[in-house]
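Note: the block below is data24.pdb and it holds PDB, C-alpha atoms.
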MODEL        1
ATOM      1  CA  MET A   5     -24.586 -21.819 -18.694
ATOM      2  CA  GLN A   6     -21.339 -20.409 -17.282
ATOM      3  CA  ASN A   7     -23.135 -17.650 -15.364
ATOM      4  CA  SER A   8     -25.493 -20.289 -13.987
ATOM      5  CA  ILE A   9     -22.540 -22.306 -12.630
ATOM      6  CA  LEU A  10     -21.075 -19.214 -10.971
ATOM      7  CA  GLU A  11     -24.379 -18.348  -9.321
ATOM      8  CA  GLN A  12     -24.791 -21.914  -8.110
ATOM      9  CA  ALA A  13     -21.295 -21.854  -6.610
ATOM     10  CA  ARG A  14     -21.949 -18.517  -4.880
ATOM     11  CA  ALA A  15     -25.253 -19.764  -3.485
ATOM     12  CA  ILE A  16     -23.631 -22.898  -2.075
ATOM     13  CA  ALA A  17     -20.747 -20.919  -0.530
ATOM     14  CA  ARG A  18     -23.249 -18.659   1.244
ATOM     15  CA  LEU A  19     -25.195 -21.458   2.921
ATOM     16  CA  GLY A  20     -23.312 -20.888   6.164
ATOM     17  CA  ASN A  21     -21.507 -24.168   6.871
ATOM     18  CA  GLN A  22     -18.233 -22.405   6.300
ATOM     19  CA  GLY A  23     -15.799 -25.180   5.372
ATOM     20  CA  ILE A  24     -18.084 -27.836   3.892
ATOM     21  CA  ASP A  25     -20.155 -25.525   1.721
ATOM     22  CA  ILE A  26     -17.141 -23.654   0.371
ATOM     23  CA  GLU A  27     -15.487 -26.939  -0.562
ATOM     24  CA  ARG A  28     -18.702 -28.013  -2.317
ATOM     25  CA  ALA A  29     -18.722 -24.755  -4.250
ATOM     26  CA  GLN A  30     -15.077 -25.248  -5.182
ATOM     27  CA  GLN A  31     -15.724 -28.748  -6.476
ATOM     28  CA  LEU A  32     -18.568 -27.468  -8.642
ATOM     29  CA  LEU A  33     -16.230 -24.886 -10.160
ATOM     30  CA  MET A  34     -13.399 -27.391 -10.674
ATOM     31  CA  ASP A  35     -15.738 -29.751 -12.532
ATOM     32  CA  HIS A  36     -16.837 -26.827 -14.710
ATOM     33  CA  LEU A  37     -13.253 -25.718 -15.405
ATOM     34  CA  ILE A  38     -12.235 -29.143 -16.683
ATOM     35  CA  VAL A  39     -14.581 -28.470 -19.601
ATOM     36  CA  HIS A  40     -14.028 -24.674 -19.739
ATOM     37  CA  PRO A  41     -10.350 -24.132 -18.793
ATOM     38  CA  GLN A  42     -10.328 -20.469 -19.834
ATOM     39  CA  ASP A  43     -13.401 -19.303 -17.937
ATOM     40  CA  THR A  44     -11.652 -16.487 -16.095
ATOM     41  CA  ASP A  45     -14.647 -15.584 -13.942
ATOM     42  CA  ALA A  46     -14.782 -19.144 -12.631
ATOM     43  CA  TRP A  47     -11.053 -19.161 -11.840
ATOM     44  CA  LEU A  48     -11.363 -15.845  -9.998
ATOM     45  CA  LEU A  49     -14.288 -17.109  -7.953
ATOM     46  CA  LEU A  50     -12.302 -20.250  -7.142
ATOM     47  CA  MET A  51      -9.432 -18.055  -5.876
ATOM     48  CA  CYS A  52     -11.883 -15.973  -3.869
ATOM     49  CA  LEU A  53     -13.269 -19.045  -2.135
ATOM     50  CA  GLU A  54      -9.729 -20.172  -1.329
ATOM     51  CA  CYS A  55      -9.304 -16.941   0.676
ATOM     52  CA  ASN A  56     -11.916 -18.128   3.201
ATOM     53  CA  PRO A  57     -11.333 -20.262   6.304
ATOM     54  CA  PRO A  58     -10.520 -23.073   6.731
ATOM     55  CA  LEU A  59      -8.880 -23.267   3.289
ATOM     56  CA  TYR A  60      -6.198 -20.595   2.908
ATOM     57  CA  ASP A  61      -3.968 -22.608   0.577
ATOM     58  CA  GLN A  62      -1.528 -20.071  -0.875
ATOM     59  CA  TYR A  63      -0.081 -22.531  -3.359
ATOM     60  CA  ARG A  64      -3.464 -23.242  -4.888
ATOM     61  CA  ILE A  65      -4.281 -19.522  -5.076
ATOM     62  CA  ILE A  66      -1.014 -18.845  -6.891
ATOM     63  CA  HIS A  67      -1.471 -21.877  -9.150
ATOM     64  CA  TYR A  68      -4.949 -20.741 -10.171
ATOM     65  CA  ALA A  69      -3.715 -17.175 -10.725
ATOM     66  CA  GLN A  70      -0.837 -18.391 -12.866
ATOM     67  CA  HIS A  71      -3.230 -20.423 -14.984
ATOM     68  CA  VAL A  72      -5.264 -17.292 -15.769
ATOM     69  CA  LEU A  73      -2.085 -15.336 -16.481
ATOM     70  CA  SER A  74      -0.893 -18.038 -18.877
ATOM     71  CA  TYR A  75      -3.571 -16.937 -21.348
ATOM     72  CA  ASP A  76      -4.237 -13.397 -20.022
ATOM     73  CA  PRO A  77      -0.890 -11.989 -18.742
ATOM     74  CA  SER A  78      -2.243  -8.557 -17.805
ATOM     75  CA  ASN A  79      -5.219  -9.744 -15.753
ATOM     76  CA  ALA A  80      -5.109  -7.395 -12.762
ATOM     77  CA  TYR A  81      -7.533  -9.476 -10.709
ATOM     78  CA  ALA A  82      -5.477 -12.662 -10.909
ATOM     79  CA  LEU A  83      -2.389 -10.642  -9.996
ATOM     80  CA  LEU A  84      -4.128  -9.208  -6.932
ATOM     81  CA  PHE A  85      -4.913 -12.708  -5.727
ATOM     82  CA  TRP A  86      -1.303 -13.777  -6.317
ATOM     83  CA  SER A  87      -0.087 -10.744  -4.378
ATOM     84  CA  TYR A  88      -2.523 -11.508  -1.552
ATOM     85  CA  ALA A  89      -1.148 -15.041  -1.219
ATOM     86  CA  ASP A  90       2.453 -13.869  -1.409
ATOM     87  CA  HIS A  91       2.006 -11.081   1.149
ATOM     88  CA  TYR A  92      -0.160 -12.745   3.784
ATOM     89  CA  PHE A  93       1.154 -16.304   3.617
ATOM     90  CA  MET A  94       4.672 -16.128   2.199
ATOM     91  CA  GLY A  95       6.043 -12.830   3.531
ATOM     92  CA  ASP A  96       6.561 -11.115   0.148
ATOM     93  CA  LEU A  97       9.231 -13.592  -0.883
ATOM     94  CA  ASP A  98       8.395 -13.813  -4.593
ATOM     95  CA  ASP A  99      10.995 -11.645  -6.328
ATOM     96  CA  ASP A 100       9.357 -12.130  -9.733
ATOM     97  CA  LEU A 101       5.978 -10.804  -8.651
ATOM     98  CA  HIS A 102       6.733  -7.126  -9.249
ATOM     99  CA  GLU A 103       7.540  -7.766 -12.906
ATOM    100  CA  LYS A 104       4.188  -9.521 -13.235
ATOM    101  CA  LEU A 105       2.358  -6.708 -11.414
ATOM    102  CA  SER A 106       3.892  -4.194 -13.830
ATOM    103  CA  MET A 107       1.938  -5.899 -16.609
ATOM    104  CA  ALA A 108      -1.395  -5.518 -14.818
ATOM    105  CA  HIS A 109      -4.091  -3.618 -16.665
ATOM    106  CA  SER A 110      -7.627  -2.603 -15.826
ATOM    107  CA  ASP A 111      -9.846   0.272 -16.925
ATOM    108  CA  ASN A 112     -11.030   0.442 -13.320
ATOM    109  CA  LYS A 113      -8.871   3.013 -11.504
ATOM    110  CA  GLU A 114      -9.817   1.571  -8.116
ATOM    111  CA  VAL A 115      -8.393  -1.787  -9.182
ATOM    112  CA  MET A 116      -5.210  -0.167 -10.488
ATOM    113  CA  SER A 117      -4.881   1.661  -7.153
ATOM    114  CA  MET A 118      -4.921  -1.710  -5.410
ATOM    115  CA  VAL A 119      -2.306  -3.039  -7.838
ATOM    116  CA  GLU A 120      -0.033  -0.174  -6.782
ATOM    117  CA  VAL A 121      -0.556  -1.126  -3.121
ATOM    118  CA  ALA A 122       0.486  -4.656  -4.074
ATOM    119  CA  LYS A 123       3.638  -3.249  -5.715
ATOM    120  CA  ALA A 124       4.354  -1.156  -2.628
ATOM    121  CA  ARG A 125       4.159  -4.182  -0.349
ATOM    122  CA  HIS A 126       6.648  -5.933  -2.593
ATOM    123  CA  PHE A 127       9.077  -3.002  -2.303
ATOM    124  CA  LYS A 128       8.642  -2.252   1.407
ATOM    125  CA  TYR A 129      11.876  -3.950   2.468
ATOM    126  CA  ARG A 130      13.566  -3.787  -0.934
ATOM    127  CA  ASP A 131      13.446  -0.189  -2.152
ATOM    128  CA  SER A 132      11.934   2.622  -0.057
ATOM    129  CA  LYS A 133      11.863   5.050  -2.988
ATOM    130  CA  LYS A 134       9.871   2.685  -5.201
ATOM    131  CA  TYR A 135       7.685   1.892  -2.179
ATOM    132  CA  GLU A 136       6.844   5.591  -1.842
ATOM    133  CA  GLU A 137       6.311   6.041  -5.584
ATOM    134  CA  ALA A 138       3.878   3.121  -5.749
ATOM    135  CA  LEU A 139       1.821   4.500  -2.860
ATOM    136  CA  LYS A 140       1.697   7.970  -4.408
ATOM    137  CA  LYS A 141       0.520   6.454  -7.668
ATOM    138  CA  SER A 142      -2.074   4.402  -5.782
ATOM    139  CA  ILE A 143      -3.497   7.591  -4.264
ATOM    140  CA  GLU A 144      -3.519   9.238  -7.703
ATOM    141  CA  TYR A 145      -5.607   6.358  -9.020
ATOM    142  CA  CYS A 146      -7.981   6.367  -6.042
ATOM    143  CA  SER A 147      -8.173   8.832  -3.153
ATOM    144  CA  THR A 148     -11.037   7.111  -1.339
ATOM    145  CA  HIS A 149      -9.147   4.123   0.093
ATOM    146  CA  ARG A 150      -7.541   3.890   3.496
ATOM    147  CA  THR A 151      -4.592   1.526   2.998
ATOM    148  CA  ASN A 152      -2.569   3.643   0.557
ATOM    149  CA  PHE A 153      -2.853   6.761   2.762
ATOM    150  CA  GLN A 154      -2.034   4.809   5.910
ATOM    151  CA  MET A 155       1.034   3.105   4.443
ATOM    152  CA  LEU A 156       2.418   6.333   2.998
ATOM    153  CA  GLY A 157       1.689   8.221   6.215
ATOM    154  CA  ASN A 158       3.547   5.642   8.298
ATOM    155  CA  LEU A 159       6.502   5.857   5.912
ATOM    156  CA  TYR A 160       6.680   9.638   6.278
ATOM    157  CA  ILE A 161       6.521   9.438  10.069
ATOM    158  CA  LYS A 162       9.461   7.013  10.037
ATOM    159  CA  GLN A 163      11.319   9.476   7.822
ATOM    160  CA  GLY A 164      10.681  12.288  10.287
ATOM    161  CA  LYS A 165       7.957  13.986   8.231
ATOM    162  CA  ILE A 166       5.631  13.857  11.221
ATOM    163  CA  GLU A 167       2.950  16.367  10.264
ATOM    164  CA  GLU A 168       2.725  15.173   6.680
ATOM    165  CA  GLY A 169       2.502  11.577   7.867
ATOM    166  CA  LYS A 170      -0.213  12.341  10.417
ATOM    167  CA  PHE A 171      -2.234  14.205   7.816
ATOM    168  CA  LEU A 172      -2.157  11.233   5.441
ATOM    169  CA  ILE A 173      -3.151   8.772   8.174
ATOM    170  CA  GLU A 174      -6.035  11.028   9.224
ATOM    171  CA  GLN A 175      -7.143  11.349   5.610
ATOM    172  CA  GLY A 176      -7.122   7.574   5.269
ATOM    173  CA  ALA A 177      -9.182   7.214   8.439
ATOM    174  CA  LEU A 178     -11.833   9.463   6.918
ATOM    175  CA  ASN A 179     -12.072   7.060   3.985
ATOM    176  CA  VAL A 180     -13.076   4.090   6.129
ATOM    177  CA  LYS A 181     -16.431   2.767   5.014
ATOM    178  CA  LYS A 182     -18.865   3.413   7.865
ATOM    179  CA  ASP A 183     -21.280   0.764   6.681
ATOM    180  CA  TYR A 184     -18.839  -2.156   6.801
ATOM    181  CA  ASP A 185     -20.732  -5.019   8.433
ATOM    182  CA  ASP A 186     -18.705  -7.733  10.170
ATOM    183  CA  SER A 187     -21.639  -9.873  11.290
ATOM    184  CA  PRO A 188     -21.805 -13.624  10.440
ATOM    185  CA  GLU A 189     -24.631 -12.928   8.014
ATOM    186  CA  ALA A 190     -22.534 -10.345   6.181
ATOM    187  CA  TRP A 191     -19.585 -12.737   6.111
ATOM    188  CA  GLN A 192     -21.724 -15.282   4.276
ATOM    189  CA  LEU A 193     -22.418 -12.730   1.553
ATOM    190  CA  ARG A 194     -18.752 -11.683   1.358
ATOM    191  CA  ALA A 195     -17.481 -15.275   1.158
ATOM    192  CA  SER A 196     -17.950 -15.268  -2.605
ATOM    193  CA  SER A 197     -17.625 -11.524  -3.281
ATOM    194  CA  LEU A 198     -14.482 -10.755  -5.253
ATOM    195  CA  GLU A 199     -14.889  -7.018  -4.761
ATOM    196  CA  ASP A 200     -15.036  -7.358  -0.973
ATOM    197  CA  ILE A 201     -11.976  -9.614  -0.883
ATOM    198  CA  TRP A 202      -9.907  -7.116  -2.883
ATOM    199  CA  ARG A 203     -11.102  -4.113  -0.902
ATOM    200  CA  GLU A 204     -10.546  -5.848   2.419
ATOM    201  CA  PHE A 205      -6.907  -6.703   1.719
ATOM    202  CA  PHE A 206      -5.837  -3.804  -0.516
ATOM    203  CA  ALA A 207      -8.067  -0.838   0.324
ATOM    204  CA  ARG A 208      -9.622  -0.887   3.793
ATOM    205  CA  ILE A 209      -7.007  -2.110   6.260
TER     206      ILE A 209
ENDMDL
END
Write the structure described by the file as structure tokens, please.
Amino acid sequence: MQNSILEQARAIARLGNQGIDIERAQQLLMDHLIVHPQDTDAWLLLMCLECNPPLYDQYRIIHYAQHVLSYDPSNAYALLFWSYADHYFMGDLDDDLHEKLSMAHSDNKEVMSMVEVAKARHFKYRDSKKYEEALKKSIEYCSTHRTNFQMLGNLYIKQGKIEEGKFLIEQGALNVKKDYDDSPEAWQLRASSLEDIWREFFARI
């Protein structure tokens, strides 16, 4: 039953009428979650839909993430959504977020690499050493992303380590997915894809 609701919501979100269909999909999920308040997959899909135009409500994303974390404190996926909202809409103002990110756990090393990028963004203007350490750890977890290499390379260039910085940026550029499709049709498929949302904001840019 729960998987059926998720598939229905995804199908509605992909119909192409960007705002209306996404809101319809959200309402379907909200009705489901009233009865199943700990269906994590439904909460994550709800957060994913909130990352699409014209919604972009950071407070709802954070609220939904916090609900998941209230019963699953180490859920890395909810924490990535919280970090996304804090970084892109609130300017990394949440001082408590790093402590939450430190609790994140996933057996997927690619996901943990993205968590380290989230930590790095939190530290960028707070602690340059911890910023560097998080990016190094991100690369250790996953060496096929672009963002971690690019961020660390830019840091080294600012520190005067020009050649090392350029090498990292070039390495990141080589990791860019050549098959990334930005057409409207592809957007419709990505509108409800959690993996694409996370990769877009924590791995590809």
Result set of the PyMOL selection byres ((chain A and resi 119) around 9) on the coordinates above, as a compact mmCIF listing (two decimals) with C-alpha atoms, in the frame of the given file:
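To be explicit, this is the file written out as part.txt:
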# COMPACT_ATOMS: atom_id res chain seq x y z
CA ALA A 80 -5.11 -7.40 -12.76
CA TYR A 81 -7.53 -9.48 -10.71
CA LEU A 83 -2.39 -10.64 -10.00
CA LEU A 84 -4.13 -9.21 -6.93
CA SER A 87 -0.09 -10.74 -4.38
CA LEU A 105 2.36 -6.71 -11.41
CA SER A 106 3.89 -4.19 -13.83
CA ALA A 108 -1.40 -5.52 -14.82
CA GLU A 114 -9.82 1.57 -8.12
CA VAL A 115 -8.39 -1.79 -9.18
CA MET A 116 -5.21 -0.17 -10.49
CA SER A 117 -4.88 1.66 -7.15
CA MET A 118 -4.92 -1.71 -5.41
CA GLU A 120 -0.03 -0.17 -6.78
CA VAL A 121 -0.56 -1.13 -3.12
CA ALA A 122 0.49 -4.66 -4.07
CA LYS A 123 3.64 -3.25 -5.72
CA ALA A 124 4.35 -1.16 -2.63
CA ALA A 138 3.88 3.12 -5.75
CA SER A 142 -2.07 4.40 -5.78
CA PHE A 206 -5.84 -3.80 -0.52
Could you spell out the hits of the PyMOL selection byres ((chain A and resi 86) around 9) on the shown file, as JSON, numbers by chain? {"A": [62, 65, 66, 67, 68, 69, 70, 81, 82, 83, 84, 85, 87, 88, 89, 90, 91, 101]}
Output the residue selection produced by the PyMOL selection byres ((chain A and resi 158) around 12) on the file above, formatted as a PyMOL selection string. chain A and resi 128+135-136+139+151-157+159-174+176
Can you spit out the residues from that selection as a tab-separated table (two decimals), keeping the file's coordinate frame, using C-alpha atoms?
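Output file out19.tsv follows:
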chain	number	residue	atom	x	y	z
A	128	LYS	CA	8.64	-2.25	1.41
A	135	TYR	CA	7.68	1.89	-2.18
A	136	GLU	CA	6.84	5.59	-1.84
A	139	LEU	CA	1.82	4.50	-2.86
A	151	THR	CA	-4.59	1.53	3.00
A	152	ASN	CA	-2.57	3.64	0.56
A	153	PHE	CA	-2.85	6.76	2.76
A	154	GLN	CA	-2.03	4.81	5.91
A	155	MET	CA	1.03	3.10	4.44
A	156	LEU	CA	2.42	6.33	3.00
A	157	GLY	CA	1.69	8.22	6.22
A	159	LEU	CA	6.50	5.86	5.91
A	160	TYR	CA	6.68	9.64	6.28
A	161	ILE	CA	6.52	9.44	10.07
A	162	LYS	CA	9.46	7.01	10.04
A	163	GLN	CA	11.32	9.48	7.82
A	164	GLY	CA	10.68	12.29	10.29
A	165	LYS	CA	7.96	13.99	8.23
A	166	ILE	CA	5.63	13.86	11.22
A	167	GLU	CA	2.95	16.37	10.26
A	168	GLU	CA	2.72	15.17	6.68
A	169	GLY	CA	2.50	11.58	7.87
A	170	LYS	CA	-0.21	12.34	10.42
A	171	PHE	CA	-2.23	14.20	7.82
A	172	LEU	CA	-2.16	11.23	5.44
A	173	ILE	CA	-3.15	8.77	8.17
A	174	GLU	CA	-6.04	11.03	9.22
A	176	GLY	CA	-7.12	7.57	5.27
A straight line from atom CA of Arg150 of chain A to atom CA of Glu137 of chain A spans 16.7 Å
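Ranking A:Glu199, A:Asp111, A:Asp43, A:Pro57 by their shortest atom-to-atom distance to Tyr75 of chain A, with all atoms listed in the file included, puts A:Asp43 first.
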Record the distance separating atom CA of Glu204 of chain A and atom CA of Met94 of chain A, expressed in Å with one decimal.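 The value is 18.4 Å.
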Under the rule that all atoms listed in the file are counted, which of A:Lys113, A:Asp45, A:Ile201, A:Arg28 is the nearest residue to Glu144 of chain A?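 Going through A:Lys113, A:Asp45, A:Ile201, A:Arg28 one by one, the smallest distance to Glu144 of chain A is for A:Lys113.
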Counting all atoms listed in the file, the residue of A:Ile38, A:Val180, A:Val72, A:Ile26 that sits nearest Tyr60 of chain A: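 Smallest separation from Tyr60 of chain A among the options: A:Ile26.
For the pair atom CA of Arg14 of chain A and atom CA of His149 of chain A, the separation is 26.5 Å.
Of the listed residues A:Asp96, A:Met51, A:Ile24, A:Ser78, the one whose atoms come nearest to Phe127 of chain A is A:Asp96, with distances taken using only C-alpha atoms.
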Could you write segment 129-151 of chain A as a tab-separated table (two decimals), keeping the file's coordinate frame, with N, CA and C atoms rebuilt where they are missing?
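Wrote it out as result_37.tsv, contents follow:
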chain	number	residue	atom	x	y	z
A	129	TYR	N	10.56	-3.65	1.89
A	129	TYR	CA	11.88	-3.95	2.47
A	129	TYR	C	12.95	-4.10	1.40
A	130	ARG	N	12.62	-3.67	0.17
A	130	ARG	CA	13.57	-3.79	-0.93
A	130	ARG	C	14.05	-2.43	-1.43
A	131	ASP	N	13.11	-1.47	-1.55
A	131	ASP	CA	13.45	-0.19	-2.15
A	131	ASP	C	12.45	0.85	-1.64
A	132	SER	N	12.86	1.67	-0.68
A	132	SER	CA	11.93	2.62	-0.06
A	132	SER	C	11.44	3.68	-1.04
A	133	LYS	N	12.28	4.04	-2.02
A	133	LYS	CA	11.86	5.05	-2.99
A	133	LYS	C	10.75	4.51	-3.87
A	134	LYS	N	10.91	3.29	-4.37
A	134	LYS	CA	9.87	2.68	-5.20
A	134	LYS	C	8.62	2.40	-4.38
A	135	TYR	N	8.81	2.08	-3.10
A	135	TYR	CA	7.68	1.89	-2.18
A	135	TYR	C	6.85	3.17	-2.12
A	136	GLU	N	7.52	4.29	-1.92
A	136	GLU	CA	6.84	5.59	-1.84
A	136	GLU	C	6.16	5.93	-3.17
A	137	GLU	N	6.87	5.71	-4.27
A	137	GLU	CA	6.31	6.04	-5.58
A	137	GLU	C	5.04	5.24	-5.88
A	138	ALA	N	5.06	3.96	-5.50
A	138	ALA	CA	3.88	3.12	-5.75
A	138	ALA	C	2.69	3.62	-4.94
A	139	LEU	N	2.92	4.02	-3.70
A	139	LEU	CA	1.82	4.50	-2.86
A	139	LEU	C	1.28	5.84	-3.37
A	140	LYS	N	2.16	6.71	-3.83
A	140	LYS	CA	1.70	7.97	-4.41
A	140	LYS	C	0.83	7.71	-5.64
A	141	LYS	N	1.28	6.78	-6.46
A	141	LYS	CA	0.52	6.45	-7.67
A	141	LYS	C	-0.81	5.83	-7.30
A	142	SER	N	-0.83	5.00	-6.24
A	142	SER	CA	-2.07	4.40	-5.78
A	142	SER	C	-3.08	5.48	-5.40
A	143	ILE	N	-2.62	6.50	-4.68
A	143	ILE	CA	-3.50	7.59	-4.26
A	143	ILE	C	-3.97	8.39	-5.47
A	144	GLU	N	-3.11	8.54	-6.48
A	144	GLU	CA	-3.52	9.24	-7.70
A	144	GLU	C	-4.65	8.48	-8.39
A	145	TYR	N	-4.55	7.18	-8.41
A	145	TYR	CA	-5.61	6.36	-9.02
A	145	TYR	C	-6.90	6.43	-8.22
A	146	CYS	N	-6.78	6.39	-6.88
A	146	CYS	CA	-7.98	6.37	-6.04
A	146	CYS	C	-7.69	7.02	-4.69
A	147	SER	N	-8.39	8.09	-4.40
A	147	SER	CA	-8.17	8.83	-3.15
A	147	SER	C	-9.24	8.53	-2.11
A	148	THR	N	-9.98	7.44	-2.30
A	148	THR	CA	-11.04	7.11	-1.34
A	148	THR	C	-10.75	5.82	-0.57
A	149	HIS	N	-9.54	5.29	-0.68
A	149	HIS	CA	-9.15	4.12	0.09
A	149	HIS	C	-8.46	4.55	1.38
A	150	ARG	N	-8.26	3.61	2.25
A	150	ARG	CA	-7.54	3.89	3.50
A	150	ARG	C	-6.10	3.39	3.44
A	151	THR	N	-5.88	2.19	2.89
A	151	THR	CA	-4.59	1.53	3.00
A	151	THR	C	-3.46	2.34	2.40
